[in-house]
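J.: You'll find model-v5.tsv just under this line, and it carries TSV, C-alpha atoms.
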```tsv
chain	number	residue	atom	x	y	z
A	1	HIS	CA	-13.98	-13.63	-2.86
A	2	ARG	CA	-15.69	-14.11	-6.24
A	3	GLN	CA	-18.91	-12.64	-7.58
A	4	TYR	CA	-20.65	-13.48	-10.85
A	5	LEU	CA	-23.43	-11.41	-12.38
A	6	SER	CA	-25.43	-12.24	-15.50
A	7	PRO	CA	-27.14	-9.06	-16.74
A	8	ILE	CA	-28.15	-10.70	-20.04
A	9	SER	CA	-28.51	-14.40	-20.82
A	10	GLY	CA	-25.13	-15.80	-21.89
A	11	HIS	CA	-23.21	-12.76	-20.61
A	12	VAL	CA	-21.23	-12.89	-17.37
A	13	PHE	CA	-19.57	-10.11	-15.39
A	14	ALA	CA	-17.08	-11.74	-12.99
A	15	LEU	CA	-15.29	-10.04	-10.09
A	16	GLN	CA	-12.57	-11.42	-7.82
A	17	LEU	CA	-10.79	-9.99	-4.77
A	18	LEU	CA	-7.76	-11.75	-3.29
A	19	ALA	CA	-5.50	-11.18	-0.31
A	20	SER	CA	-2.78	-13.35	1.13
A	21	LEU	CA	-1.07	-12.36	4.36
A	22	SER	CA	2.00	-14.22	5.62
A	23	ALA	CA	3.78	-14.18	8.94
A	24	GLY	CA	7.24	-15.22	9.97
A	25	ASP	CA	10.12	-16.23	7.72
A	26	VAL	CA	8.41	-17.29	4.49
A	27	PRO	CA	10.62	-19.17	1.97
A	28	TRP	CA	10.94	-17.26	-1.32
A	29	GLN	CA	9.24	-20.01	-3.36
A	30	LYS	CA	6.21	-19.98	-1.00
A	31	MET	CA	5.69	-16.21	-0.97
A	32	PRO	CA	2.48	-14.84	-2.46
A	33	ARG	CA	3.11	-13.74	-6.04
A	34	LEU	CA	1.46	-11.62	-8.69
A	35	GLY	CA	1.16	-12.67	-12.30
A	36	GLY	CA	0.32	-15.75	-14.32
A	37	SER	CA	-2.67	-17.08	-16.20
A	38	SER	CA	-5.16	-16.59	-13.36
A	39	MET	CA	-4.40	-13.20	-11.78
A	40	LEU	CA	-2.72	-10.15	-13.30
A	41	ARG	CA	-2.37	-11.78	-16.69
A	42	GLY	CA	0.43	-10.15	-18.67
A	43	TYR	CA	2.99	-10.44	-15.88
A	44	TYR	CA	4.78	-13.76	-15.69
A	45	GLU	CA	3.88	-15.71	-12.56
A	46	GLY	CA	6.06	-14.69	-9.66
A	47	ARG	CA	7.47	-11.49	-11.13
A	48	TYR	CA	6.46	-9.74	-7.91
A	49	ARG	CA	6.71	-11.62	-4.60
A	50	ALA	CA	6.49	-10.56	-0.97
A	51	GLN	CA	4.89	-11.56	2.32
A	52	HIS	CA	1.59	-9.83	1.55
A	53	TYR	CA	-0.51	-9.85	-1.63
A	54	PHE	CA	-3.59	-7.87	-2.59
A	55	ALA	CA	-5.31	-8.08	-5.96
A	56	ALA	CA	-8.61	-7.50	-7.73
A	57	GLN	CA	-9.80	-8.36	-11.21
A	58	ALA	CA	-12.90	-8.05	-13.34
A	59	GLU	CA	-13.85	-9.88	-16.51
A	60	TYR	CA	-16.76	-9.53	-18.92
A	61	ARG	CA	-17.58	-12.73	-20.85
A	62	PHE	CA	-19.95	-12.70	-23.81
A	63	PRO	CA	-21.11	-14.98	-26.64
A	64	LEU	CA	-19.96	-14.39	-30.22
A	65	VAL	CA	-21.12	-17.06	-32.65
A	66	TRP	CA	-21.76	-20.81	-32.43
A	67	ARG	CA	-19.44	-22.12	-29.66
A	68	PHE	CA	-17.19	-19.05	-29.65
A	69	GLY	CA	-17.22	-16.33	-27.04
A	70	GLY	CA	-15.12	-13.37	-26.05
A	71	ALA	CA	-13.83	-11.78	-22.88
A	72	VAL	CA	-12.27	-8.50	-21.79
A	73	PHE	CA	-10.53	-8.22	-18.44
A	74	GLY	CA	-8.54	-5.96	-16.17
A	75	ALA	CA	-6.70	-6.41	-12.89
A	76	MET	CA	-4.74	-4.50	-10.27
A	77	GLY	CA	-2.55	-5.80	-7.49
A	78	GLU	CA	0.36	-5.24	-5.19
A	79	VAL	CA	2.79	-7.17	-3.03
A	80	ALA	CA	4.37	-5.70	0.11
A	81	THR	CA	6.91	-6.86	2.68
A	82	THR	CA	4.92	-5.35	5.55
A	83	LEU	CA	1.38	-4.05	5.90
A	84	LYS	CA	2.83	-0.60	6.63
A	85	THR	CA	4.46	-0.51	3.19
A	86	VAL	CA	1.25	-1.19	1.23
A	87	SER	CA	0.87	1.74	-1.15
A	88	ALA	CA	-1.42	2.63	-4.03
A	89	ASP	CA	1.66	4.13	-5.72
A	90	ARG	CA	3.03	0.61	-6.29
A	91	LEU	CA	-0.14	-0.94	-7.72
A	92	ARG	CA	0.47	-3.04	-10.83
A	93	ALA	CA	-2.18	-3.09	-13.56
A	94	ALA	CA	-2.88	-5.36	-16.51
A	95	GLY	CA	-5.70	-5.97	-18.93
A	96	GLY	CA	-6.60	-7.57	-22.19
A	97	GLY	CA	-9.03	-9.72	-24.05
A	98	GLY	CA	-9.51	-13.19	-25.36
A	99	LEU	CA	-11.45	-15.76	-27.27
A	100	ARG	CA	-13.31	-18.71	-25.79
A	101	PHE	CA	-14.29	-21.99	-27.43
A	102	LEU	CA	-16.96	-24.00	-25.60
A	103	MET	CA	-15.64	-27.57	-25.56
A	104	ASP	CA	-18.28	-29.08	-23.27
A	105	SER	CA	-21.64	-27.31	-22.98
A	106	ASP	CA	-22.93	-29.56	-20.16
A	107	GLU	CA	-19.96	-28.75	-17.90
A	108	HIS	CA	-19.32	-25.26	-19.37
A	109	ILE	CA	-15.68	-26.07	-20.14
A	110	ASN	CA	-13.98	-23.46	-22.29
A	111	LEU	CA	-10.68	-23.46	-24.10
A	112	ARG	CA	-9.44	-19.90	-23.69
A	113	LEU	CA	-6.87	-17.88	-25.58
A	114	ASP	CA	-6.05	-14.60	-23.84
A	115	PHE	CA	-3.78	-11.71	-24.73
A	116	ALA	CA	-2.78	-9.41	-21.87
A	117	VAL	CA	-0.66	-6.28	-21.55
A	118	THR	CA	0.67	-4.63	-18.39
A	119	ASP	CA	1.26	-1.05	-17.30
A	120	HIS	CA	4.98	-1.73	-17.92
A	121	SER	CA	4.35	-2.68	-21.57
A	122	ASP	CA	4.92	-6.38	-20.88
A	123	PHE	CA	2.55	-8.73	-22.66
A	124	ASP	CA	1.76	-12.41	-22.87
A	125	PHE	CA	-0.54	-14.94	-24.49
A	126	TYR	CA	-2.28	-17.69	-22.52
A	127	LEU	CA	-3.89	-20.88	-23.79
A	128	ASN	CA	-5.76	-22.72	-21.01
A	129	LEU	CA	-8.74	-24.91	-20.26
A	130	LEU	CA	-11.35	-23.32	-17.97
A	131	GLU	CA	-11.76	-19.68	-17.06
A	132	SER	CA	-9.14	-17.87	-15.01
A	133	PHE	CA	-11.58	-17.63	-12.09
```
Translate the structure of the given file into structure tokens.

T.:
Amino acid sequence: HRQYLSPISGHVFALQLLASLSAGDVPWQKMPRLGGSSMLRGYYEGRYRAQHYFAAQAEYRFPLVWRFGGAVFGAMGEVATTLKTVSADRLRAAGGGGLRFLMDSDEHINLRLDFAVTDHSDFDFYLNLLESF
């Protein structure tokens, strides 16, 4: 589920909740995974995998000058082998900030450069077209 709020013109507060539940014998490469450039930035994609995945993230996007904008974001998530083993004690967290360059104002296409750090002191940079969500 995604929700976008615009409290001030040009500013966006974005929220996203995700869950993926699997049943049966799921191949390792098909298991839900935390990390990557779209969810829980800072962890490499697939660092945590299991049959069940729960995550939430928030991002505040704001204009800076000319075609440049900024963003700050945070996320939390967990993977679990069974629903009984879901625990707040194993939540992973990450956050960071980034710059945006508006490449196409009609289609609102941004080039984004993000820097993210995790609760385990991992970090990563991301250069992508479009927002993470």

J.: Which residue, A:Leu127, A:Ala58, A:Val72, A:Ala93, has the smallest gap to Tyr4 of chain A when you use only C-alpha atoms?

T.: A:Ala58

J.: Taking 3 positions as the minimum chain separation for residues in the same chain, which residues sit within 12 Å of Pro27 of chain A when counting only C-alpha atoms? Answer as a PyMOL selection string.

T.: chain A and resi 22-24+30-32+49-51

J.: Using atom CA of Ala75 of chain A and atom CA of Asn128 of chain A as the two end points, give the distance in Å to one decimal.

T.: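 Atom CA of Asn128 of chain A lies at a distance of 18.2 Å from atom CA of Ala75 of chain A.
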
J.: May I have the residues within 9 Å of Leu40 of chain A as a list in words, using only C-alpha atoms and disregarding those fewer than 6 positions away in the same chain?

T.: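 Everything that qualifies: Leu34, Ala55, Ala56, Gln57, Gly74, Ala75, Met76, Gly77, Arg92, Ala93, Ala94, Gly95, Ala116 and Thr118 of chain A.
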
J.: Between atom CA of Tyr126 of chain A and atom CA of Arg90 of chain A, what is the distance, to one decimal in Å?

T.: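 Going from atom CA of Tyr126 of chain A over to atom CA of Arg90 of chain A, I get 25.0 Å.
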
J.: For Leu5 of chain A, find every residue with an atom within 9 Å (counting all atoms listed in the file), except residues of its own chain fewer than 6 positions away, and show them as a compact mmCIF listing (two decimals) with C-alpha atoms, in the frame of the given file.

T.:
```
# COMPACT_ATOMS: atom_id res chain seq x y z
CA HIS A 11 -23.21 -12.76 -20.61
CA VAL A 12 -21.23 -12.89 -17.37
CA PHE A 13 -19.57 -10.11 -15.39
CA ALA A 14 -17.08 -11.74 -12.99
CA LEU A 15 -15.29 -10.04 -10.09
```

J.: Excluding Ser37 of chain A and residues on its chain fewer than 2 positions from it, collect all residues at most 7 Å away from it, counting all atoms listed in the file, and give them as a PDB file with C-alpha atoms, in the coordinates of the input.

T.:
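Wrote selection_36.pdb, looks like this:
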```
ATOM      1  CA  MET A  39      -4.400 -13.200 -11.780  1.00  0.00           C
ATOM      2  CA  ARG A  41      -2.370 -11.780 -16.690  1.00  0.00           C
ATOM      3  CA  TYR A 126      -2.280 -17.690 -22.520  1.00  0.00           C
ATOM      4  CA  SER A 132      -9.140 -17.870 -15.010  1.00  0.00           C
TER       5      SER A 132
END
```

J.: So which one's closest to Leu102 of chain A, A:Arg2, A:Glu131, A:His120, A:Glu78? Using all atoms listed in the file, please.

T.: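 Of A:Arg2, A:Glu131, A:His120, A:Glu78, the one nearest Leu102 of chain A, counting all atoms listed in the file, is A:Glu131.
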
J.: Would you compute the distance between atom CA of Phe123 of chain A and atom CA of Tyr43 of chain A? Give it in Å to one decimal.

T.: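 These two atoms are separated by 7.0 Å.
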
J.: Determine the nearest neighbour of Asp124 of chain A from the options A:Trp66, A:Tyr44, A:Phe54, A:Trp28, counting only C-alpha atoms.

T.: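 The shortest atom-to-atom distance to Asp124 of chain A comes from A:Tyr44.
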
J.: Complete segment 21-40 of chain A with N, CA, C and O atoms (output as a PDB file, keeping the file's coordinate frame).

T.:
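As a result, result.pdb now contains:
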```pdb
ATOM      1  N   LEU A  21      -1.928 -12.957   3.340  1.00  0.00           N
ATOM      2  CA  LEU A  21      -1.070 -12.360   4.360  1.00  0.00           C
ATOM      3  C   LEU A  21      -0.224 -13.453   4.976  1.00  0.00           C
ATOM      4  O   LEU A  21      -0.739 -14.508   5.355  1.00  0.00           O
ATOM      5  N   SER A  22       1.072 -13.216   5.082  1.00  0.00           N
ATOM      6  CA  SER A  22       2.000 -14.220   5.620  1.00  0.00           C
ATOM      7  C   SER A  22       2.661 -13.666   6.868  1.00  0.00           C
ATOM      8  O   SER A  22       2.824 -12.462   7.026  1.00  0.00           O
ATOM      9  N   ALA A  23       3.078 -14.566   7.726  1.00  0.00           N
ATOM     10  CA  ALA A  23       3.780 -14.180   8.940  1.00  0.00           C
ATOM     11  C   ALA A  23       5.040 -15.026   9.077  1.00  0.00           C
ATOM     12  O   ALA A  23       5.109 -16.145   8.567  1.00  0.00           O
ATOM     13  N   GLY A  24       6.021 -14.475   9.736  1.00  0.00           N
ATOM     14  CA  GLY A  24       7.240 -15.220   9.970  1.00  0.00           C
ATOM     15  C   GLY A  24       8.178 -15.197   8.770  1.00  0.00           C
ATOM     16  O   GLY A  24       8.065 -14.376   7.877  1.00  0.00           O
ATOM     17  N   ASP A  25       9.099 -16.145   8.774  1.00  0.00           N
ATOM     18  CA  ASP A  25      10.120 -16.230   7.720  1.00  0.00           C
ATOM     19  C   ASP A  25       9.599 -17.140   6.611  1.00  0.00           C
ATOM     20  O   ASP A  25       9.718 -18.362   6.683  1.00  0.00           O
ATOM     21  N   VAL A  26       9.022 -16.543   5.580  1.00  0.00           N
ATOM     22  CA  VAL A  26       8.410 -17.290   4.490  1.00  0.00           C
ATOM     23  C   VAL A  26       9.482 -17.584   3.426  1.00  0.00           C
ATOM     24  O   VAL A  26      10.147 -16.663   2.948  1.00  0.00           O
ATOM     25  N   PRO A  27       9.666 -18.859   3.044  1.00  0.00           N
ATOM     26  CA  PRO A  27      10.620 -19.170   1.970  1.00  0.00           C
ATOM     27  C   PRO A  27      10.213 -18.458   0.678  1.00  0.00           C
ATOM     28  O   PRO A  27       9.025 -18.317   0.385  1.00  0.00           O
ATOM     29  N   TRP A  28      11.188 -18.027  -0.094  1.00  0.00           N
ATOM     30  CA  TRP A  28      10.940 -17.260  -1.320  1.00  0.00           C
ATOM     31  C   TRP A  28       9.955 -17.978  -2.237  1.00  0.00           C
ATOM     32  O   TRP A  28       9.037 -17.359  -2.761  1.00  0.00           O
ATOM     33  N   GLN A  29      10.107 -19.281  -2.433  1.00  0.00           N
ATOM     34  CA  GLN A  29       9.240 -20.010  -3.360  1.00  0.00           C
ATOM     35  C   GLN A  29       7.803 -20.156  -2.847  1.00  0.00           C
ATOM     36  O   GLN A  29       6.904 -20.468  -3.619  1.00  0.00           O
ATOM     37  N   LYS A  30       7.558 -19.885  -1.582  1.00  0.00           N
ATOM     38  CA  LYS A  30       6.210 -19.980  -1.000  1.00  0.00           C
ATOM     39  C   LYS A  30       5.548 -18.617  -0.828  1.00  0.00           C
ATOM     40  O   LYS A  30       4.397 -18.533  -0.417  1.00  0.00           O
ATOM     41  N   MET A  31       6.269 -17.552  -1.138  1.00  0.00           N
ATOM     42  CA  MET A  31       5.690 -16.210  -0.970  1.00  0.00           C
ATOM     43  C   MET A  31       4.550 -15.974  -1.947  1.00  0.00           C
ATOM     44  O   MET A  31       4.585 -16.461  -3.077  1.00  0.00           O
ATOM     45  N   PRO A  32       3.541 -15.234  -1.525  1.00  0.00           N
ATOM     46  CA  PRO A  32       2.480 -14.840  -2.460  1.00  0.00           C
ATOM     47  C   PRO A  32       3.089 -14.098  -3.641  1.00  0.00           C
ATOM     48  O   PRO A  32       4.043 -13.334  -3.487  1.00  0.00           O
ATOM     49  N   ARG A  33       2.529 -14.335  -4.836  1.00  0.00           N
ATOM     50  CA  ARG A  33       3.110 -13.740  -6.040  1.00  0.00           C
ATOM     51  C   ARG A  33       2.036 -13.270  -7.011  1.00  0.00           C
ATOM     52  O   ARG A  33       0.998 -13.896  -7.143  1.00  0.00           O
ATOM     53  N   LEU A  34       2.337 -12.169  -7.662  1.00  0.00           N
ATOM     54  CA  LEU A  34       1.460 -11.620  -8.690  1.00  0.00           C
ATOM     55  C   LEU A  34       1.870 -12.153 -10.050  1.00  0.00           C
ATOM     56  O   LEU A  34       3.034 -12.415 -10.302  1.00  0.00           O
ATOM     57  N   GLY A  35       0.895 -12.272 -10.929  1.00  0.00           N
ATOM     58  CA  GLY A  35       1.160 -12.670 -12.300  1.00  0.00           C
ATOM     59  C   GLY A  35       0.691 -14.076 -12.610  1.00  0.00           C
ATOM     60  O   GLY A  35       0.293 -14.824 -11.721  1.00  0.00           O
ATOM     61  N   GLY A  36       0.701 -14.414 -13.877  1.00  0.00           N
ATOM     62  CA  GLY A  36       0.320 -15.750 -14.320  1.00  0.00           C
ATOM     63  C   GLY A  36      -0.992 -15.755 -15.076  1.00  0.00           C
ATOM     64  O   GLY A  36      -1.560 -14.706 -15.401  1.00  0.00           O
ATOM     65  N   SER A  37      -1.481 -16.935 -15.346  1.00  0.00           N
ATOM     66  CA  SER A  37      -2.670 -17.080 -16.200  1.00  0.00           C
ATOM     67  C   SER A  37      -3.983 -16.882 -15.453  1.00  0.00           C
ATOM     68  O   SER A  37      -5.036 -16.850 -16.078  1.00  0.00           O
ATOM     69  N   SER A  38      -3.932 -16.739 -14.122  1.00  0.00           N
ATOM     70  CA  SER A  38      -5.160 -16.590 -13.360  1.00  0.00           C
ATOM     71  C   SER A  38      -5.356 -15.203 -12.751  1.00  0.00           C
ATOM     72  O   SER A  38      -6.483 -14.759 -12.579  1.00  0.00           O
ATOM     73  N   MET A  39      -4.282 -14.526 -12.392  1.00  0.00           N
ATOM     74  CA  MET A  39      -4.400 -13.200 -11.780  1.00  0.00           C
ATOM     75  C   MET A  39      -3.281 -12.302 -12.296  1.00  0.00           C
ATOM     76  O   MET A  39      -2.130 -12.700 -12.295  1.00  0.00           O
ATOM     77  N   LEU A  40      -3.637 -11.128 -12.717  1.00  0.00           N
ATOM     78  CA  LEU A  40      -2.720 -10.150 -13.300  1.00  0.00           C
ATOM     79  C   LEU A  40      -2.031 -10.735 -14.537  1.00  0.00           C
ATOM     80  O   LEU A  40      -0.817 -10.723 -14.682  1.00  0.00           O
TER      81      LEU A  40
END
```
